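Undergrad: Below are the structure tokens for one structure; questions will follow.
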Amino acid sequence: MVTPLDRLRELVRLPTISRLDPADTDWASFHAFVDRLPVLYPGIHSTLEREIVDGYSMLYRWTGRTDGAPSVLMAHYDVVPATDDGWTHPPFAAELVGEGAEQLVWGRGALDDKGALVGVLEGVEAAIAAGFQPECDVYLSFGHDEETAGSGARAIVDLLEARGIRPGLVLDEGGAVVEDIFPGVDGPIAVVGVSEKGILTLTLTVEQGGGHASTPPVLSATARLARAIVRLNAKPFPSSFSPTNLEMIRTLGAHARNPLRFVFTNLWLTKPLLLSLFGRLGNETRAIIRTTQAVTMLKGSQAANALAEQAVATVNIRVAVGSSVAEAVEHMRSAIRDPLVRLDVVQPNEPSPVSPTSGRAWELVTSTIAETYPHTIVTPYVMLAASDSRHFARISDQVYRFTPFEMSTAERATLHAMNERMHVSTFLSGVDFYTRLVRKL
């Protein structure tokens with residue numbers, strides 16, 4: 001008998017790596033993924049309508065009994081690059097390691113995001129087998145390039161918008177069930193993203209005459225660029241708590257041990273102290289309270305003994321909720337203070353609108369979390385990374401980001417890194433979450 005775990009492992013073995021340059025992408029793996037789903041999930045493919053959008057993304061429609069606001073369950077099946085180098089178990093072998101509660105499935109995409117995609121499909125397939133039909137239409141949206149351009153999700157939203165469809169619930173990847181993330185709070189916490197930071201790429205470019213490296217100028221192109229980077233690091237973005245940050249602090253603070261409970265639940269008195277504390281606790285808490293910038297790529301001369309005629313730095317910026325792309329760019333320009341460093345904005349996306357923490361959609365998500373993970377504290381938060389769900393904010397006011405898996409600190413560290421893996425028990429709990437959620441739609 002083929003199990004949900006068997007199907008996950010089969011799909012993880014397909015190296016659906018999306019790359020910035022489509023010419024570098026192995027599209028055969030994407031074709032194989034799309035073609036394999038009808039074999040693995042015959043009930044879905046005999047009941048739901050499937051459209052292929054933007055070449056490789058998939059949009060399914062499950063017709064409901066009434067014409068009320070539909071729901072959208074999202075995931076993506078592309079993954080970031082991985083080679084065997086440095087991995088304990090090969091990234092596309094989907095090996096099972098360990099026994100019982102400690103059994104792990106290893107592989108690129110297990111957590112991000114094929115595990116969730118398989119969970120959605122398992123939940124829908126089981127509901128169809130049981131003769132269930134949702135009250136309103138349910139759409140399944142599976143993007144093929146979330147890790148790069150996100151064009152698939154954008155195209156799906158364009159299609160739904162053109163058809164006049166406004167979902168009453170959109171659920172994508174994002175937060176998870178985690179522990180040890182908030183001082184003084186013991187036990188599991190389910191963080192549900194009600195918004196996400198904006199994202200943009202900014203290139204810093206210095207162009208000037210080259211020449212032989214034996215006679216360098218006082219300030220070469222690379223030195224000018226380096227100075228600009230140092231100035232950026234010396235001037236971080238201002239910090240503040242967004243309303244969602246404050247709601248998260250109050251929610252979790254009510255479960256904290258004293259005296260921290262007093263600190264977290266009396267923000268009228270302690271907010272300045274907490275803001276300073278968040279700025280010092282670690283990288284994640286610093287990112288919660290401000291726009292962040294990270295220089296990720298550098299390019300200079302093509303020869304060891306030649307001066308660079310063009311020096312370029314790529315900066316990845318995550319824009320805090322309450323700020324904007326324009327404010328972020330102006331801050332960068334002010335920090336650099338050099339008109340010879342050119343700033344170019346690439347693929348800017350503003351922070352997502354904040355979805356409500358009340359109402360039917362929120363209750364559907366939070367009640368299903370409570371049923372799947374009893375004794376778990378549920379809190380809203382602002383997602384620090386970006387997801388395909390940001391495109392759906394154009395057509396829905398109820399967009400949430402939650403991956404229904406328990407993730408330890410060590411497991412979260414494997415996202416976009418070596419040795420990505422997930423406990424099998426966690427995966428099965430995620431399948432249970434989607435199975436329960438689908439029956440409520």
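For the structure tokens, the naming scheme is as follows: chains receive sequential letters (A, B, ...) according to their order of presentation, residues are indexed from 1 within each chain, and ligands are indexed from 1 in presentation order.
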Any chance you could list, as a ChimeraX atom specification, the residues in segment 308-431 of chain A that come up strand (DSSP E) when DSSP is run on the backbone?
TA: /A:310-319,342-349,377-383,399-406,421-423
Undergrad: Please produce an output containing N, CA and C atoms for each residue in the selection, written as an mmCIF file, in the first residue's frame.
TA:
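Ended up saving to result_34.cif:
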```cif
data_model
loop_
_atom_site.group_PDB
_atom_site.id
_atom_site.type_symbol
_atom_site.label_atom_id
_atom_site.label_comp_id
_atom_site.auth_asym_id
_atom_site.auth_seq_id
_atom_site.Cartn_x
_atom_site.Cartn_y
_atom_site.Cartn_z
ATOM 1 N N GLN A 310 34.010 48.469 -13.270
ATOM 2 C CA GLN A 310 32.678 48.497 -12.670
ATOM 3 C C GLN A 310 32.678 47.571 -11.450
ATOM 4 N N ALA A 311 32.257 48.098 -10.324
ATOM 5 C CA ALA A 311 32.117 47.306 -9.095
ATOM 6 C C ALA A 311 30.655 47.334 -8.672
ATOM 7 N N VAL A 312 30.098 46.150 -8.385
ATOM 8 C CA VAL A 312 28.663 46.046 -8.111
ATOM 9 C C VAL A 312 28.430 45.230 -6.843
ATOM 10 N N ALA A 313 27.562 45.732 -5.994
ATOM 11 C CA ALA A 313 27.094 44.991 -4.816
ATOM 12 C C ALA A 313 25.591 44.822 -4.920
ATOM 13 N N THR A 314 25.125 43.639 -4.581
ATOM 14 C CA THR A 314 23.690 43.365 -4.546
ATOM 15 C C THR A 314 23.238 43.341 -3.099
ATOM 16 N N VAL A 315 22.208 44.117 -2.809
ATOM 17 C CA VAL A 315 21.699 44.231 -1.445
ATOM 18 C C VAL A 315 20.275 43.695 -1.411
ATOM 19 N N ASN A 316 20.020 42.739 -0.518
ATOM 20 C CA ASN A 316 18.679 42.210 -0.313
ATOM 21 C C ASN A 316 18.048 42.960 0.853
ATOM 22 N N ILE A 317 16.890 43.571 0.612
ATOM 23 C CA ILE A 317 16.228 44.409 1.617
ATOM 24 C C ILE A 317 14.854 43.836 1.919
ATOM 25 N N ARG A 318 14.547 43.700 3.208
ATOM 26 C CA ARG A 318 13.220 43.270 3.653
ATOM 27 C C ARG A 318 12.574 44.441 4.383
ATOM 28 N N VAL A 319 11.514 44.967 3.792
ATOM 29 C CA VAL A 319 10.911 46.220 4.244
ATOM 30 C C VAL A 319 9.875 45.954 5.326
ATOM 31 N N ARG A 342 25.821 54.468 -7.725
ATOM 32 C CA ARG A 342 24.479 54.468 -8.332
ATOM 33 C C ARG A 342 23.612 53.382 -7.691
ATOM 34 N N LEU A 343 22.387 53.760 -7.357
ATOM 35 C CA LEU A 343 21.434 52.827 -6.766
ATOM 36 C C LEU A 343 20.372 52.468 -7.802
ATOM 37 N N ASP A 344 20.182 51.183 -8.042
ATOM 38 C CA ASP A 344 19.155 50.707 -8.968
ATOM 39 C C ASP A 344 18.258 49.707 -8.244
ATOM 40 N N VAL A 345 16.953 49.933 -8.340
ATOM 41 C CA VAL A 345 15.976 49.084 -7.665
ATOM 42 C C VAL A 345 15.502 47.995 -8.623
ATOM 43 N N VAL A 346 15.503 46.750 -8.129
ATOM 44 C CA VAL A 346 15.084 45.603 -8.935
ATOM 45 C C VAL A 346 13.958 44.870 -8.202
ATOM 46 N N GLN A 347 12.886 44.585 -8.901
ATOM 47 C CA GLN A 347 11.757 43.792 -8.398
ATOM 48 C C GLN A 347 11.279 44.247 -7.014
ATOM 49 N N PRO A 348 10.835 45.491 -6.885
ATOM 50 C CA PRO A 348 10.356 45.954 -5.573
ATOM 51 C C PRO A 348 8.958 45.422 -5.252
ATOM 52 N N ASN A 349 8.764 45.002 -4.008
ATOM 53 C CA ASN A 349 7.453 44.590 -3.510
ATOM 54 C C ASN A 349 7.228 45.247 -2.155
ATOM 55 N N ILE A 377 0.140 27.488 21.926
ATOM 56 C CA ILE A 377 -0.254 28.903 21.914
ATOM 57 C C ILE A 377 -0.219 29.393 20.473
ATOM 58 N N VAL A 378 -1.297 30.017 20.029
ATOM 59 C CA VAL A 378 -1.363 30.539 18.665
ATOM 60 C C VAL A 378 -1.227 32.057 18.715
ATOM 61 N N THR A 379 -0.330 32.583 17.892
ATOM 62 C CA THR A 379 -0.131 34.030 17.869
ATOM 63 C C THR A 379 0.056 34.519 16.442
ATOM 64 N N PRO A 380 -0.409 35.729 16.146
ATOM 65 C CA PRO A 380 -0.072 36.328 14.846
ATOM 66 C C PRO A 380 1.360 36.837 14.856
ATOM 67 N N TYR A 381 1.932 36.957 13.681
ATOM 68 C CA TYR A 381 3.252 37.581 13.564
ATOM 69 C C TYR A 381 3.423 38.085 12.147
ATOM 70 N N VAL A 382 4.461 38.871 11.943
ATOM 71 C CA VAL A 382 4.816 39.347 10.603
ATOM 72 C C VAL A 382 5.898 38.430 10.062
ATOM 73 N N MET A 383 5.630 37.800 8.938
ATOM 74 C CA MET A 383 6.600 36.891 8.333
ATOM 75 C C MET A 383 7.788 37.694 7.819
ATOM 76 N N VAL A 399 -5.379 36.735 4.104
ATOM 77 C CA VAL A 399 -4.248 35.949 3.622
ATOM 78 C C VAL A 399 -3.379 35.576 4.825
ATOM 79 N N TYR A 400 -3.192 34.278 5.039
ATOM 80 C CA TYR A 400 -2.443 33.808 6.205
ATOM 81 C C TYR A 400 -1.305 32.890 5.763
ATOM 82 N N ARG A 401 -0.280 32.845 6.599
ATOM 83 C CA ARG A 401 0.950 32.124 6.253
ATOM 84 C C ARG A 401 1.314 31.207 7.420
ATOM 85 N N PHE A 402 1.061 29.920 7.216
ATOM 86 C CA PHE A 402 1.339 28.950 8.275
ATOM 87 C C PHE A 402 1.621 27.593 7.662
ATOM 88 N N THR A 403 2.779 27.031 7.998
ATOM 89 C CA THR A 403 3.143 25.683 7.590
ATOM 90 C C THR A 403 2.910 24.772 8.793
ATOM 91 N N PRO A 404 2.030 23.781 8.703
ATOM 92 C CA PRO A 404 1.592 23.050 9.896
ATOM 93 C C PRO A 404 2.554 21.956 10.354
ATOM 94 N N PHE A 405 3.816 22.328 10.505
ATOM 95 C CA PHE A 405 4.838 21.383 10.937
ATOM 96 C C PHE A 405 5.535 21.914 12.189
ATOM 97 N N GLU A 406 5.902 21.000 13.074
ATOM 98 C CA GLU A 406 6.766 21.359 14.200
ATOM 99 C C GLU A 406 8.198 21.430 13.690
ATOM 100 N N ARG A 421 15.647 18.522 6.407
ATOM 101 C CA ARG A 421 15.040 17.274 6.852
ATOM 102 C C ARG A 421 13.817 17.576 7.712
ATOM 103 N N MET A 422 12.990 16.534 7.913
ATOM 104 C CA MET A 422 11.784 16.705 8.703
ATOM 105 C C MET A 422 11.457 15.388 9.397
ATOM 106 N N HIS A 423 10.977 15.469 10.623
ATOM 107 C CA HIS A 423 10.511 14.275 11.314
ATOM 108 C C HIS A 423 9.270 13.728 10.594
#
```
Undergrad: Find the spatial neighbours of segment 130-141 of chain A, counting only C-alpha atoms, within a cut-off of 7 Å - ignore same-chain residues fewer than 2 positions away - and output them as a list in words.
TA: Met58, Leu59, Tyr60, Arg61, Trp62, Thr63, Gly64, Arg65, Thr66, Asp67, Gly68, Ala69, Pro70, Ser71, Val72, Leu73, Met74, Ala75, Ala126, Ala127, Ile128, Gly143 and Leu441 of chain A
Undergrad: Quick one: residues within 9 Å of Ser429 of chain A, only C-alpha atoms counted, chain neighbours fewer than 2 positions away excluded, as a ChimeraX atom specification?
TA: /A:372-373,404-406,424-427,431-434
Undergrad: Just write the chosen residues, N, CA and C atoms, as a compact mmCIF listing (two decimals), in the first residue's frame.
TA:
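File selection07.txt, as written:
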```
# COMPACT_ATOMS: atom_id res chain seq x y z
N THR A 372 -5.09 20.03 15.95
CA THR A 372 -3.94 19.23 15.52
C THR A 372 -2.83 19.23 16.55
N TYR A 373 -2.62 20.39 17.16
CA TYR A 373 -1.55 20.55 18.15
C TYR A 373 -2.14 21.09 19.45
N PRO A 404 2.03 23.78 8.70
CA PRO A 404 1.59 23.05 9.90
C PRO A 404 2.55 21.96 10.35
N PHE A 405 3.82 22.33 10.51
CA PHE A 405 4.84 21.38 10.94
C PHE A 405 5.54 21.91 12.19
N GLU A 406 5.90 21.00 13.07
CA GLU A 406 6.77 21.36 14.20
C GLU A 406 8.20 21.43 13.69
N VAL A 424 9.24 12.44 10.42
CA VAL A 424 8.09 11.82 9.76
C VAL A 424 6.82 12.09 10.56
N SER A 425 6.91 12.03 11.88
CA SER A 425 5.72 12.30 12.71
C SER A 425 5.20 13.71 12.49
N THR A 426 6.12 14.65 12.27
CA THR A 426 5.73 16.03 11.98
C THR A 426 4.99 16.13 10.65
N PHE A 427 5.53 15.44 9.65
CA PHE A 427 4.86 15.43 8.35
C PHE A 427 3.45 14.88 8.47
N VAL A 431 -0.24 16.52 7.57
CA VAL A 431 -1.31 15.91 6.77
C VAL A 431 -2.62 15.95 7.54
N ASP A 432 -2.56 15.65 8.83
CA ASP A 432 -3.75 15.70 9.68
C ASP A 432 -4.34 17.10 9.72
N PHE A 433 -3.46 18.12 9.81
CA PHE A 433 -3.94 19.51 9.81
C PHE A 433 -4.76 19.81 8.56
N TYR A 434 -4.20 19.51 7.40
CA TYR A 434 -4.90 19.82 6.15
C TYR A 434 -6.17 18.98 6.01
```
Undergrad: Would you list the contacts of Phe264 of chain A as an MDAnalysis selection string, taking every protein, DNA or RNA residue within 12 Å and counting only C-alpha atoms, but skipping same-chain residues closer than 2 positions in sequence?
TA: chainID A and resid 182:185 245:262 266:275 277
Undergrad: I need the helix (DSSP H, G or I) residues of segment 213-345 of chain A per DSSP on the backbone, written as number ranges by chain.
TA: A: 221-234, 243-253, 260-265, 267-281, 283-288, 325-336
Undergrad: Using only C-alpha atoms, which protein or nucleic acid residues come within 7 Å of segment 218-222 of chain A? Drop anything in the same chain fewer than 2 positions from it, and give the result as a list in words.
TA: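 Once the adjacent positions are removed, what remains is Val206, Glu207, Gln208, Pro216, Arg224, Leu225, Ala226, Gly300, Ala308, Glu309, Gln310 and Ala311 of chain A.
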Undergrad: Write out as a VMD selection string the residues lying within 10 Å of segment 327-335 of chain A, counting only C-alpha atoms and excluding same-chain residues fewer than 2 positions away.
TA: chain A and resid 200 202 204 228 to 238 291 to 293 317 to 320 323 to 325 337 to 339 341 to 345
Undergrad: Which residue gives the smallest distance to Pro42 of chain A among A:Ala94, A:Ala129, A:Ala101, A:Leu111, with only C-alpha atoms counted?
TA: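 Looking only at the distances to Pro42 of chain A, the closest residue turns out to be A:Ala129.
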Undergrad: Just checking: using only C-alpha atoms, which residue out of A:Ala28, A:Ile199, A:Ala417, A:Ala116 ends up closest to Pro351 of chain A?
TA: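 Nearest to Pro351 of chain A: A:Ile199.
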Undergrad: Using atom CA of Ser276 of chain A and atom CA of Ala190 of chain A as the two end points, give the distance in Å to one decimal.
TA: 24.8 Å
Undergrad: Neighbouring residues of Gly322 of chain A were defined as those with any atom within 12 Å, considering only C-alpha atoms; residues of the same chain fewer than 4 positions away were excluded. Please report them as an MDAnalysis selection string.
TA: chainID A and resid 195:198 238:245 289:291 326:328 350:354 382
Undergrad: Can you work out which one of A:Thr435, A:Thr16, A:Ser214, A:Gln398 has the shortest atom-to-atom distance to Glu363 of chain A, counting only C-alpha atoms?
TA: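 Under the stated criterion, the closest residue is A:Gln398.
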Undergrad: Find, counting only C-alpha atoms, the residue in A:Thr368, A:Ser301, A:Ser396, A:Asn419 that gets nearest to Gly86 of chain A.
TA: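 So, comparing all the options, the nearest one is A:Asn419.
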Undergrad: To one decimal place, how far is atom CA of Met418 of chain A from atom CA of Pro15 of chain A in Å?
TA: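 Separation between atom CA of Met418 of chain A and atom CA of Pro15 of chain A: 14.8 Å.
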Undergrad: Quick check, in Å to one decimal: how far apart do atom CA of Ser408 of chain A and atom CA of Ala176 of chain A lie?
TA: 9.7 Å
Undergrad: Please determine, counting only C-alpha atoms, which residue among A:Leu307, A:Thr285, A:Glu49, A:Thr265 has the shortest atom-to-atom distance to Gly210 of chain A.
TA: A:Leu307
